[in-house]
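Pasting entry_27.txt here (compact mmCIF, C-alpha atoms and all ligand atoms):
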# COMPACT_ATOMS: atom_id res chain seq x y z
CA MET A 1 37.33 179.88 37.49
CA PRO A 2 36.85 183.64 37.64
CA ALA A 3 38.85 185.76 40.08
CA ILE A 4 37.31 185.79 43.50
CA PRO A 5 36.73 189.35 44.60
CA ILE A 6 38.08 190.24 48.02
CA THR A 7 36.69 193.24 49.80
CA VAL A 8 38.09 195.39 52.55
CA ALA A 9 36.65 194.67 55.98
CA ALA A 10 36.27 197.03 58.91
CA VAL A 11 36.24 195.48 62.36
CA THR A 12 33.57 197.49 64.08
CA GLU A 13 32.10 195.23 66.73
CA LEU A 14 33.62 193.55 69.77
CA PRO A 15 36.32 191.21 68.42
CA LEU A 16 34.69 188.11 69.86
CA ASP A 17 31.25 188.87 68.38
CA TYR A 18 32.86 189.88 65.13
CA GLU A 19 34.82 186.63 64.79
CA ASP A 20 31.78 184.68 65.85
CA GLU A 21 29.80 186.08 62.95
CA HIS A 22 32.50 186.31 60.29
CA VAL A 23 34.63 183.27 61.12
CA HIS A 24 33.11 180.64 63.39
CA ARG A 25 29.60 180.60 61.98
CA VAL A 26 30.90 180.64 58.43
CA TYR A 27 33.15 177.61 58.94
CA ASP A 28 30.37 175.69 60.62
CA GLN A 29 28.20 176.25 57.57
CA ILE A 30 30.75 175.63 54.85
CA ALA A 31 32.51 172.79 56.73
CA SER A 32 32.02 169.94 54.30
CA HIS A 33 32.62 171.92 51.12
CA PHE A 34 35.63 173.64 52.67
CA SER A 35 37.04 170.29 53.69
CA SER A 36 36.65 168.83 50.21
CA THR A 37 39.04 171.49 48.91
CA ARG A 38 41.64 171.17 51.66
CA TYR A 39 43.33 167.83 51.51
CA LYS A 40 46.87 168.45 50.31
CA PRO A 41 49.41 169.13 53.06
CA TRP A 42 51.80 172.01 52.40
CA PRO A 43 55.45 170.88 52.00
CA ILE A 44 57.03 172.86 54.85
CA ILE A 45 54.39 171.65 57.31
CA ALA A 46 54.76 168.04 56.17
CA LYS A 47 58.54 168.36 56.59
CA PHE A 48 58.17 169.90 60.06
CA LEU A 49 56.00 166.97 61.15
CA SER A 50 58.26 164.37 59.52
CA GLU A 51 61.14 165.61 61.69
CA ILE A 52 59.25 165.31 65.00
CA PRO A 53 60.84 162.55 67.13
CA THR A 54 58.85 159.38 67.88
CA GLY A 55 56.95 159.63 71.14
CA TRP A 56 56.14 163.33 70.91
CA VAL A 57 52.65 164.72 71.33
CA GLY A 58 51.50 167.95 69.70
CA LEU A 59 48.64 170.37 69.29
CA ASP A 60 47.17 171.47 65.96
CA SER A 61 45.53 174.70 67.01
CA GLY A 62 42.86 175.50 64.43
CA THR A 63 42.98 172.04 62.89
CA GLY A 64 40.08 172.59 60.45
CA ASN A 65 39.41 169.30 58.68
CA GLY A 66 42.40 167.73 60.42
CA LYS A 67 44.49 167.12 57.33
CA TYR A 68 47.73 167.31 59.35
CA LEU A 69 46.62 164.93 62.11
CA PRO A 70 47.63 161.69 60.29
CA LEU A 71 51.15 162.94 59.42
CA PRO A 72 53.84 161.71 59.00
CA LEU A 73 52.38 159.00 56.79
CA ASP A 74 55.60 156.95 56.66
CA ARG A 75 55.67 156.59 60.47
CA PRO A 76 52.01 156.04 61.42
CA SER A 77 51.18 156.44 65.12
CA SER A 78 54.78 157.37 65.99
CA ILE A 79 53.63 160.81 67.11
CA TRP A 80 50.19 162.06 68.18
CA THR A 81 48.81 165.37 67.04
CA ILE A 82 45.65 166.50 68.84
CA GLY A 83 43.38 168.77 66.82
CA LEU A 84 41.68 171.81 68.32
CA ASP A 85 39.10 173.90 66.50
CA ARG A 86 36.28 176.34 67.12
CA SER A 87 34.06 174.74 64.46
CA ARG A 88 32.21 171.67 65.70
CA ASN A 89 31.28 170.66 62.15
CA LEU A 90 34.90 170.72 61.00
CA LEU A 91 35.88 168.62 64.01
CA GLU A 92 33.41 165.93 62.99
CA ILE A 93 35.39 165.69 59.76
CA ALA A 94 38.80 165.99 61.48
CA ARG A 95 38.18 163.10 63.84
CA THR A 96 38.23 160.63 60.97
CA ALA A 97 40.97 162.34 58.93
CA GLY A 98 43.26 160.03 57.01
CA VAL A 99 43.02 156.38 56.11
CA GLN A 100 45.67 155.09 58.48
CA GLY A 101 45.64 154.77 62.23
CA GLY A 102 41.94 154.95 63.00
CA PRO A 103 40.17 157.89 64.61
CA ARG A 104 41.96 161.12 65.62
CA GLU A 105 41.90 163.01 68.88
CA VAL A 106 40.06 166.31 68.56
CA VAL A 107 38.99 168.97 71.05
CA TRP A 108 36.34 171.66 70.64
CA GLY A 109 37.95 174.83 71.87
CA ASP A 110 39.27 178.30 71.19
CA VAL A 111 42.84 179.01 70.11
CA LEU A 112 42.99 181.68 72.83
CA GLY A 113 42.00 179.19 75.53
CA GLN A 114 44.47 177.16 77.55
CA GLY A 115 42.63 174.01 78.49
CA TRP A 116 45.77 171.93 79.01
CA ARG A 117 48.63 171.46 81.42
CA SER A 118 51.06 174.25 80.65
CA GLY A 119 54.07 173.06 78.65
CA SER A 120 52.65 169.58 78.19
CA PHE A 121 52.94 169.41 74.40
CA ASP A 122 56.20 168.79 72.56
CA TYR A 123 55.14 170.74 69.49
CA ALA A 124 52.32 172.89 68.21
CA ILE A 125 51.23 173.99 64.75
CA SER A 126 48.89 176.82 63.84
CA ILE A 127 48.10 176.71 60.14
CA ALA A 128 45.96 179.39 58.49
CA THR A 129 44.27 180.24 61.77
CA ILE A 130 45.73 183.31 63.47
CA HIS A 131 44.75 185.46 60.48
CA HIS A 132 41.13 184.95 61.53
CA LEU A 133 41.67 186.91 64.76
CA SER A 134 40.55 190.49 64.38
CA THR A 135 42.92 192.54 66.57
CA PRO A 136 46.73 192.64 66.98
CA GLU A 137 46.29 191.91 70.70
CA ARG A 138 44.36 188.72 70.01
CA ARG A 139 46.86 187.62 67.36
CA THR A 140 49.70 188.18 69.85
CA LEU A 141 47.83 186.23 72.51
CA ALA A 142 47.34 183.35 70.07
CA ILE A 143 51.13 183.11 69.57
CA GLN A 144 51.61 183.25 73.34
CA ARG A 145 49.21 180.35 73.82
CA LEU A 146 51.28 178.30 71.36
CA LEU A 147 54.53 179.15 73.13
CA GLU A 148 52.96 178.33 76.51
CA CYS A 149 51.45 174.99 75.56
CA VAL A 150 54.78 173.48 74.46
CA SER A 151 57.69 172.30 76.57
CA PRO A 152 59.86 175.23 77.75
CA SER A 153 62.98 173.18 77.08
CA HIS A 154 62.37 171.68 73.64
CA GLY A 155 58.96 172.79 72.35
CA ARG A 156 58.67 173.42 68.62
CA VAL A 157 56.10 175.73 67.05
CA LEU A 158 55.12 176.32 63.41
CA VAL A 159 52.80 179.18 62.41
CA TYR A 160 51.32 179.91 58.97
CA VAL A 161 49.31 183.00 58.09
CA TRP A 162 47.95 184.46 54.88
CA ALA A 163 50.19 187.03 53.20
CA MET A 164 49.40 190.21 51.32
CA GLN A 165 52.08 189.03 48.93
CA GLN A 166 50.15 186.53 46.82
CA ASP A 167 51.32 183.71 44.62
CA GLU A 168 51.24 184.49 40.89
CA LEU A 169 49.05 181.46 40.43
CA SER A 170 46.63 182.60 43.08
CA LYS A 171 43.15 183.18 41.77
CA ARG A 172 42.56 185.85 44.33
CA ALA A 173 42.33 189.49 43.40
CA ILE A 174 43.60 191.68 46.21
CA PRO A 175 41.95 195.04 46.83
CA ALA A 176 44.25 197.91 45.85
CA ILE A 177 44.59 199.11 49.41
CA GLY A 178 46.29 195.90 50.37
CA ASP A 179 48.62 195.52 47.42
CA PRO A 180 52.20 196.07 48.59
CA SER A 181 53.54 196.18 45.04
CA SER A 182 51.14 198.88 43.91
CA SER A 183 51.92 202.54 43.39
CA ARG A 184 52.14 203.32 47.09
CA VAL A 185 55.93 203.19 46.96
CA GLU A 186 56.42 206.32 49.04
CA ASP A 187 54.71 204.51 51.90
CA PRO A 188 57.56 202.91 53.90
CA SER A 189 55.35 199.82 54.21
CA PRO A 190 54.33 199.78 57.85
CA LYS A 191 54.20 196.26 59.21
CA THR A 192 50.47 196.15 59.43
CA GLY A 193 48.46 194.06 57.06
CA VAL A 194 44.96 194.61 55.84
CA ASP A 195 41.58 193.38 57.05
CA VAL A 196 39.53 191.76 54.32
CA PHE A 197 36.52 189.61 53.62
CA VAL A 198 37.20 186.54 51.52
CA PRO A 199 34.05 185.12 50.02
CA TRP A 200 33.23 181.45 50.07
CA VAL A 201 30.62 180.41 47.56
CA LEU A 202 28.59 177.44 48.69
CA ALA A 203 27.06 176.19 45.48
CA SER A 204 23.78 174.34 45.36
CA GLN A 205 25.73 171.12 44.73
CA PRO A 206 28.85 171.44 46.84
CA GLN A 207 30.17 167.99 45.95
CA ASP A 208 30.56 167.87 42.23
CA LYS A 209 32.13 164.66 41.00
CA LYS A 210 35.50 166.10 40.10
CA GLN A 211 36.11 167.35 43.61
CA SER A 212 35.27 164.09 45.28
CA GLU A 213 37.55 161.85 43.28
CA GLY A 214 40.92 162.57 44.85
CA HIS A 215 39.84 162.14 48.43
CA SER A 216 37.03 159.69 48.66
CA ARG A 217 38.47 158.44 51.94
CA ASN A 218 36.77 161.35 53.65
CA LEU A 219 33.42 160.65 52.09
CA ILE A 220 31.78 159.20 55.15
CA ALA A 221 32.98 162.03 57.33
CA LYS A 222 31.92 164.56 54.75
CA LYS A 223 28.53 163.03 54.53
CA ARG A 224 28.16 163.14 58.27
CA ALA A 225 29.22 166.76 58.40
CA GLU A 226 26.88 167.61 55.57
CA GLU A 227 24.00 166.19 57.47
CA SER A 228 24.79 168.37 60.41
CA VAL A 229 25.13 171.35 58.09
CA GLN A 230 21.73 170.60 56.70
CA HIS A 231 20.26 170.84 60.16
CA ASP A 232 21.32 174.46 60.07
CA GLY A 233 19.22 175.00 57.01
CA VAL A 234 22.07 175.13 54.51
CA GLY A 235 22.31 171.87 52.68
CA THR A 236 22.74 170.45 49.24
CA ASP A 237 19.29 171.56 48.20
CA ALA A 238 19.69 175.16 49.26
CA PRO A 239 20.48 177.77 46.58
CA SER A 240 24.02 179.14 46.20
CA GLN A 241 25.15 181.23 49.10
CA VAL A 242 28.11 183.50 49.63
CA PHE A 243 29.80 183.55 53.01
CA ASN A 244 32.29 186.29 53.78
CA ARG A 245 35.13 185.09 55.94
CA TYR A 246 37.16 187.65 57.84
CA TYR A 247 40.94 187.57 57.29
CA HIS A 248 43.79 189.71 58.44
CA MET A 249 46.27 189.55 55.55
CA PHE A 250 49.78 189.87 56.95
CA ALA A 251 52.32 192.38 55.71
CA GLU A 252 55.94 191.34 55.23
CA GLY A 253 57.70 191.22 58.61
CA GLU A 254 54.46 191.47 60.59
CA LEU A 255 54.50 187.84 61.70
CA GLU A 256 58.07 188.13 63.08
CA GLU A 257 57.07 191.30 64.89
CA LEU A 258 54.13 189.48 66.41
CA VAL A 259 56.40 186.67 67.58
CA VAL A 260 58.79 189.11 69.23
CA ARG A 261 55.96 190.91 71.02
CA ALA A 262 54.43 187.60 72.13
CA ALA A 263 57.73 186.20 73.40
CA GLN A 264 58.68 189.37 75.24
CA GLY A 265 55.27 189.45 76.87
CA LEU A 266 56.08 186.02 78.33
CA GLY A 267 59.55 187.11 79.44
CA LEU A 268 61.25 185.02 76.76
CA LYS A 269 64.43 186.11 75.02
CA VAL A 270 64.13 185.96 71.23
CA GLY A 271 67.29 184.48 69.81
CA SER A 272 69.40 181.36 69.64
CA HIS A 273 70.10 179.31 72.76
CA ASN A 274 73.83 180.10 72.72
CA GLU A 275 73.27 183.79 72.19
CA GLY A 276 70.65 183.93 74.94
CA VAL A 277 72.80 182.07 77.44
CA SER A 278 75.82 184.26 76.79
CA GLU A 279 73.64 187.27 77.58
CA GLY A 280 72.51 185.70 80.83
CA HIS A 281 68.96 184.72 79.85
CA THR A 282 67.45 181.56 81.30
CA SER A 283 64.64 180.93 78.84
CA GLY A 284 63.88 181.94 75.32
CA VAL A 285 62.69 181.11 71.86
CA ALA A 286 64.79 180.73 68.72
CA VAL A 287 63.51 181.51 65.24
CA VAL A 288 64.53 178.41 63.29
CA GLN A 289 63.23 179.61 59.95
CA ASN A 290 60.79 182.07 58.52
CA GLY A 291 59.69 182.93 55.04
CA TRP A 292 56.99 182.95 52.44
CA GLU A 293 55.43 179.94 50.76
CA ARG A 294 52.45 179.85 48.43
CA SER A 295 50.82 183.10 49.48
CA ASN A 296 51.55 182.53 53.16
CA TYR A 297 54.13 183.71 55.67
CA PHE A 298 55.46 181.12 58.07
CA VAL A 299 57.71 181.03 61.10
CA GLU A 300 59.19 178.05 62.92
CA LEU A 301 60.16 178.53 66.57
CA ARG A 302 61.97 176.45 69.13
CA ARG A 303 61.90 177.05 72.87
CA TRP A 304 65.02 176.67 75.03
CA GLN A 305 65.91 177.06 78.66
CA ASN A 306 68.96 176.67 80.87
CA MET B 1 37.48 161.20 70.91
CA VAL B 2 38.51 161.59 74.45
CA ARG B 3 41.10 158.95 75.01
CA LEU B 4 43.26 158.96 78.10
CA ILE B 5 46.21 160.27 76.11
CA THR B 6 44.22 163.48 75.66
CA HIS B 7 42.71 163.45 79.13
CA ASN B 8 46.25 163.41 80.54
CA LEU B 9 46.89 166.80 78.89
CA LEU B 10 43.60 168.62 79.49
CA ALA B 11 43.19 170.96 82.46
CA CYS B 12 40.49 173.37 83.62
CA HIS B 13 41.08 176.90 82.32
CA VAL B 14 38.27 178.85 83.93
CA LYS B 15 39.43 182.31 85.01
CA GLY B 16 41.25 182.08 88.34
CA CYS B 17 41.16 178.28 88.45
CA THR B 18 44.88 177.54 88.55
CA ARG B 19 45.27 175.05 91.41
CA ASN B 20 44.00 171.50 91.58
CA ASN B 21 42.61 172.06 88.06
CA PHE B 22 44.14 168.78 86.80
CA PRO B 23 43.14 166.05 86.22
CA LEU B 24 39.50 166.50 85.28
CA LEU B 25 37.17 163.82 86.68
CA PHE B 26 34.97 161.76 84.40
CA GLU B 27 31.25 161.77 85.02
CA ASN B 28 28.41 159.70 83.54
CA VAL B 29 30.58 158.36 80.78
CA GLN B 30 29.86 155.93 77.99
CA ILE B 31 32.93 154.23 76.62
CA GLU B 32 33.79 152.30 73.48
CA ILE B 33 36.77 150.04 72.98
CA GLN B 34 38.40 150.39 69.59
CA GLU B 35 41.65 148.71 68.58
CA SER B 36 44.51 150.88 67.41
CA ASP B 37 48.01 150.27 66.02
CA PHE B 38 50.49 149.23 68.71
CA ASN B 39 53.67 151.30 68.58
CA PRO B 40 56.04 150.39 71.45
CA ASP B 41 58.60 153.07 70.50
CA PHE B 42 55.97 155.77 70.78
CA LEU B 43 54.96 154.49 74.21
CA ARG B 44 58.52 154.21 75.56
CA ASN B 45 59.36 157.77 74.56
CA PHE B 46 56.04 159.23 75.63
CA MET B 47 55.97 157.53 79.04
CA PRO B 48 58.24 159.95 80.94
CA LYS B 49 55.94 162.84 80.01
CA LEU B 50 52.80 161.25 81.41
CA GLU B 51 51.24 162.34 84.67
CA TRP B 52 51.21 158.76 85.87
CA LYS B 53 48.89 159.00 88.85
CA ALA B 54 46.32 160.92 86.83
CA LEU B 55 46.43 158.23 84.16
CA VAL B 56 46.04 155.34 86.60
CA ASP B 57 43.19 157.08 88.44
CA ALA B 58 41.38 157.91 85.19
CA ALA B 59 41.76 154.35 83.93
CA ARG B 60 40.31 153.02 87.19
CA GLN B 61 37.43 155.46 86.89
CA LEU B 62 36.73 153.86 83.53
CA GLY B 63 36.97 150.36 85.00
CA ASP B 64 40.47 149.42 83.86
CA THR B 65 42.82 148.30 86.65
CA SER B 66 45.63 146.92 84.51
CA LEU B 67 48.20 149.63 85.29
CA PRO B 68 50.35 149.58 88.46
CA LEU B 69 50.16 152.54 90.85
CA GLU B 70 53.84 153.28 90.35
CA GLN B 71 55.36 153.60 86.90
CA PRO B 72 57.55 150.48 86.61
CA GLU B 73 61.28 150.76 85.98
CA MET B 74 61.40 147.61 83.91
CA VAL B 75 59.25 148.05 80.85
CA ASP B 76 58.25 144.80 79.19
CA GLU B 77 55.97 143.98 76.29
CA GLU B 78 53.09 142.99 78.53
CA PHE B 79 53.19 146.32 80.34
CA LEU B 80 53.44 148.28 77.08
CA LYS B 81 50.40 146.45 75.72
CA ALA B 82 48.41 147.40 78.82
CA LEU B 83 49.59 151.00 78.56
CA HIS B 84 48.70 151.08 74.88
CA HIS B 85 45.20 149.84 75.62
CA VAL B 86 44.62 152.36 78.39
CA LEU B 87 46.02 155.34 76.48
CA LEU B 88 44.72 154.71 72.99
CA GLU B 89 41.94 152.14 72.87
CA ILE B 90 39.42 153.32 75.46
CA HIS B 91 37.26 156.03 73.90
CA VAL B 92 34.98 158.13 76.06
CA MET B 93 32.10 158.87 73.72
CA GLU B 94 29.54 160.61 75.96
CA GLY B 95 29.53 162.14 79.41
CA ALA B 96 31.52 164.94 80.96
CA MET B 97 34.76 165.95 82.64
CA VAL B 98 34.46 167.96 85.83
CA CYS B 99 37.05 170.23 87.45
CA GLN B 100 37.83 169.11 91.00
CA ASN B 101 38.49 172.68 92.04
CA CYS B 102 35.80 174.94 90.52
CA LYS B 103 33.37 172.16 89.46
CA HIS B 104 33.17 173.44 85.91
CA VAL B 105 31.64 170.79 83.64
CA TYR B 106 33.21 170.09 80.25
CA PRO B 107 30.70 168.00 78.27
CA ILE B 108 31.73 165.20 75.92
CA SER B 109 29.43 164.50 73.00
CA ASN B 110 29.98 162.11 70.09
CA GLY B 111 33.53 161.64 71.35
CA ILE B 112 34.39 165.34 71.21
CA PRO B 113 35.10 167.23 74.46
CA ASN B 114 33.83 170.80 74.70
CA MET B 115 36.58 172.94 76.23
CA LEU B 116 34.97 176.25 75.20
CA LEU B 117 34.25 178.71 77.98
CA ALA B 118 31.67 181.46 78.24
CA GLU B 119 33.09 184.97 77.83
CA HIS B 120 32.96 185.75 81.55
CA GLU B 121 34.86 182.53 82.38
CA ILE B 122 37.85 183.27 80.17
CA GLY B 123 41.05 184.18 82.01
ZN ZN A 401 38.32 174.71 87.37

Encoded form using structure tokens:
Amino acid sequence: MPAIPITVAAVTELPLDYEDEHVHRVYDQIASHFSSTRYKPWPIIAKFLSEIPTGWVGLDSGTGNGKYLPLPLDRPSSIWTIGLDRSRNLLEIARTAGVQGGPREVVWGDVLGQGWRSGSFDYAISIATIHHLSTPERRTLAIQRLLECVSPSHGRVLVYVWAMQQDELSKRAIPAIGDPSSSRVEDPSPKTGVDVFVPWVLASQPQDKKQSEGHSRNLIAKKRAEESVQHDGVGTDAPSQVFNRYYHMFAEGELEELVVRAAQGLGLKVGSHNEGVSEGHTSGVAVVQNGWERSNYFVELRRWQN
Amino acid sequence: MVRLITHNLLACHVKGCTRNNFPLLFENVQIEIQESDFNPDFLRNFMPKLEWKALVDAARQLGDTSLPLEQPEMVDEEFLKALHHVLLEIHVMEGAMVCQNCKHVYPISNGIPNMLLAEHEIG
């Protein structure tokens, strides 16, 4: 497969209109093909979900094709993850994700909305979603929504975003402007990433045989989603089309900065429970772990209160 | 799907609608009953987090009167089976959920609730 060219994007319109055109509409149109390539859970996310106690209920904000909704597979229906997404066509796929446990619970909504009782979830995950928001303010708000939707005393949050620092095995070619390891050494690497378009090529035959083999369990759902895609005029018989998805690629340290800004905006102390209490704080959020995995930055948070 | 487990979490989020915005009321609903795996440990641990009255009222709205008005202190198998059925086996496939306070209508279509708001409704 040839390198996929990524181009620099400039956010010129109102953020909402911009994301509508360059994120939401794209996912609605590429839903079934996109889903057929996204079926393997990432290890850190699978581990996070495997450690959630039985009886907890969580939100997958930006669930896409719902691949995390059936987890953990060794304890089916011991926890319930409710999937939220902006793309109706992806939700049609998500609602039947996984072979075990029957249909999933999914909600059509925006990651910046708050259509739930505050603090009613025990955990929340946001995987490869916040990088589709086109301003720092909206990305901060998205983190705040995650912190608000979980329990103030024990809520756990896991966030994954796309990193400028790419895996060696990644097929993606990053535009020079966004390459942190390039010659721009004198630049003290400000913690702002880069806005890019990542193309998605919807071939005339999106479901070649090879792709379908490993995950035939989603075939019915895929078929259903394809039908709805076809209603939009982009189906299996249409010629190849390129859709440019908007991404904000995160710089190193930018995600942690975003978390701090989000938490402070909610009046939450960022730090461990013990540390916070000794300083006289009554509620806060601890950073359990953060790091880089497979071309993504991640951060795991835990809320605490006295 | 809108099952009552999800309904018990959803609230109206129209700008300025912060009181009496939970629970949403069902309207013109079509339901389907679909069996799901019974997990008593999940139910026991999840129970304390439920808004019980909202759950009982919603179940009655959907024609199920199996749950007592007060959450029982003694939890037996029979009760857990009833709770399991109400929470996880009644699927609202079509219809709407309406906010008691601002009357905003959240449509449900093909089992998926639409919680999106128009730009001017976002808080
Ligand atoms: Zn309302």

Under the rule of at most 6 Å, produce a per-residue listing of chain A near chain B: chain, number, name, the closest pair of atoms, and the distance in Å, as JSON lines, using all atoms listed in the file.
{"residue": "A:Thr54", "atom": "CA", "partner": "B:Phe42", "partner_atom": "CA", "distance": 5.5}
{"residue": "A:Gly55", "atom": "CA", "partner": "B:Phe42", "partner_atom": "CA", "distance": 4.0}
{"residue": "A:Ser78", "atom": "CA", "partner": "B:Phe42", "partner_atom": "CA", "distance": 5.2}
{"residue": "A:Glu105", "atom": "CA", "partner": "B:Met1", "partner_atom": "CA", "distance": 5.2}
{"residue": "A:Val107", "atom": "CA", "partner": "B:Pro113", "partner_atom": "CA", "distance": 5.5}
{"residue": "A:Trp108", "atom": "CA", "partner": "B:Asn114", "partner_atom": "CA", "distance": 4.9}
{"residue": "A:Gly109", "atom": "CA", "partner": "B:Leu116", "partner_atom": "CA", "distance": 4.7}
{"residue": "A:Gln114", "atom": "CA", "partner": "B:His13", "partner_atom": "CA", "distance": 5.9}
{"residue": "A:Gly115", "atom": "CA", "partner": "B:Ala11", "partner_atom": "CA", "distance": 5.0}
{"residue": "A:Trp116", "atom": "CA", "partner": "B:Leu10", "partner_atom": "CA", "distance": 4.0}
{"residue": "A:Arg117", "atom": "CA", "partner": "B:Ala11", "partner_atom": "CA", "distance": 5.6}

So that I can check the surroundings of segment 125-128 of chain A, please list as a compact mmCIF listing (two decimals) with C-alpha atoms, in the frame of the given file every protein, DNA and RNA residue that reaches within 7 Å of it, counting only C-alpha atoms and ignoring chain neighbours fewer than 3 positions away.
# COMPACT_ATOMS: atom_id res chain seq x y z
CA LEU A 59 48.64 170.37 69.29
CA ASP A 60 47.17 171.47 65.96
CA SER A 61 45.53 174.70 67.01
CA GLY A 62 42.86 175.50 64.43
CA HIS A 131 44.75 185.46 60.48
CA VAL A 157 56.10 175.73 67.05
CA LEU A 158 55.12 176.32 63.41
CA VAL A 159 52.80 179.18 62.41
CA TYR A 160 51.32 179.91 58.97
CA VAL A 161 49.31 183.00 58.09
CA TRP A 162 47.95 184.46 54.88

> Could you state the separation of atom CA of Glu300 of chain A and atom CA of Asp110 of chain A in Å, given to one decimal place?
Replying inline: 21.6 Å

>> List as a ChimeraX atom specification the protein and nucleic acid residues lying within 9 Å of ligand ZN 401 (chain A), with all atoms listed in the file counted.
In response: /B:11-22,24,98-105

Quick one: axis-aligned box around all listed atoms of segment 256-269 of chain A, 3 Å on every side, centre and edge lengths in Å to one decimal, written as JSON.
{"center_x": 59.3, "center_y": 188.2, "center_z": 71.3, "size_x": 16.3, "size_y": 12.3, "size_z": 22.4}

>> Rounded to one decimal, what separation in Å do you get between atom CA of Asn306 of chain A and atom CA of Tyr123 of chain A?
In response: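 According to the coordinates, atom CA of Asn306 of chain A and atom CA of Tyr123 of chain A are separated by 18.9 Å.
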
> In Å, with one decimal, what is the gap from atom CA of Val56 of chain B to atom CA of Leu80 of chain B?
Replying inline: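 Calculated distance between atom CA of Val56 of chain B and atom CA of Leu80 of chain B is 14.0 Å.
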
> Pick the closest to Val242 of chain A from A:Trp304, A:Thr37, A:Ile6, A:Val201: which is it, counting all atoms listed in the file?
Replying inline: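 With all atoms listed in the file as the atom set, the closest residue is A:Val201.
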
>> Given all atoms listed in the file as the basis, pick out the residue of B:Ile31, B:Val86, B:Met93, B:Ala118 nearest to Asp57 of chain B.
In response: B:Val86

>> Around (35.4, 152.6, 80.7), as given in the file, which residues come within 8 Å? Count all atoms listed in the file and list them as a PyMOL selection string.
In response: chain B and resi 29-32+59+61-64+90-92

> Using only C-alpha atoms, which of the listed residues (A:Val288, A:Leu91, A:Ala97, A:Leu16) sits closest to Arg138 of chain A?
Replying inline: A:Leu16

> Skipping near chain neighbours, those fewer than 5 positions away, what residues fall within 6 Å of Gly193 of chain A using all atoms listed in the file, listed as a PyMOL selection string?
Replying inline: chain A and resi 249-251

Write the residues you've just listed into a file as a CSV table (one decimal), in the frame of the given file, and include C-alpha atoms for each of them.
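Output saved as result05.csv:
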chain,number,residue,atom,x,y,z
A,249,MET,CA,46.3,189.6,55.6
A,250,PHE,CA,49.8,189.9,57.0
A,251,ALA,CA,52.3,192.4,55.7

Compile the contact shell of Leu268 of chain A as a PDB file with C-alpha atoms, keeping the file's coordinate frame: residues with an atom at most 8 Å away, counting all atoms listed in the file, same-chain residues fewer than 2 positions apart removed.
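Final output, saved to out-v7.pdb:
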ATOM      1  CA  ALA A 263      57.730 186.200  73.400  1.00  0.00           C
ATOM      2  CA  GLN A 264      58.680 189.370  75.240  1.00  0.00           C
ATOM      3  CA  GLY A 265      55.270 189.450  76.870  1.00  0.00           C
ATOM      4  CA  LEU A 266      56.080 186.020  78.330  1.00  0.00           C
ATOM      5  CA  VAL A 270      64.130 185.960  71.230  1.00  0.00           C
ATOM      6  CA  SER A 283      64.640 180.930  78.840  1.00  0.00           C
ATOM      7  CA  GLY A 284      63.880 181.940  75.320  1.00  0.00           C
ATOM      8  CA  VAL A 285      62.690 181.110  71.860  1.00  0.00           C
TER       9      VAL A 285
END

> Which residues come within 8 Å of Trp200 of chain A, counting only C-alpha atoms, excluding same-chain residues fewer than 4 positions away, as a list in words?
Replying inline: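 Skipping anything fewer than 4 positions along the chain leaves Ile30, Val242, Phe243, Asn244 and Arg245 of chain A.
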
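With all atoms listed in the file as the basis for measurement, A:Pro72 is the residue among A:Gly58, A:Pro152, A:Pro72, A:Gly64 that approaches Pro43 of chain A most closely.
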
> Around (58.2, 188.5, 70.8) in the file's frame, which residues reach within 12 Å when counting only C-alpha atoms? Return as JSON, numbers by chain?
Replying inline: {"A": [139, 140, 141, 143, 144, 147, 254, 255, 256, 257, 258, 259, 260, 261, 262, 263, 264, 265, 266, 267, 268, 269, 270, 271, 284, 285, 286, 287, 301]}

> Which is closest to Ile45 of chain A among A:Ala142, A:Ile93, A:Val150, A:Leu69, if we use all atoms listed in the file?
Replying inline: A:Leu69
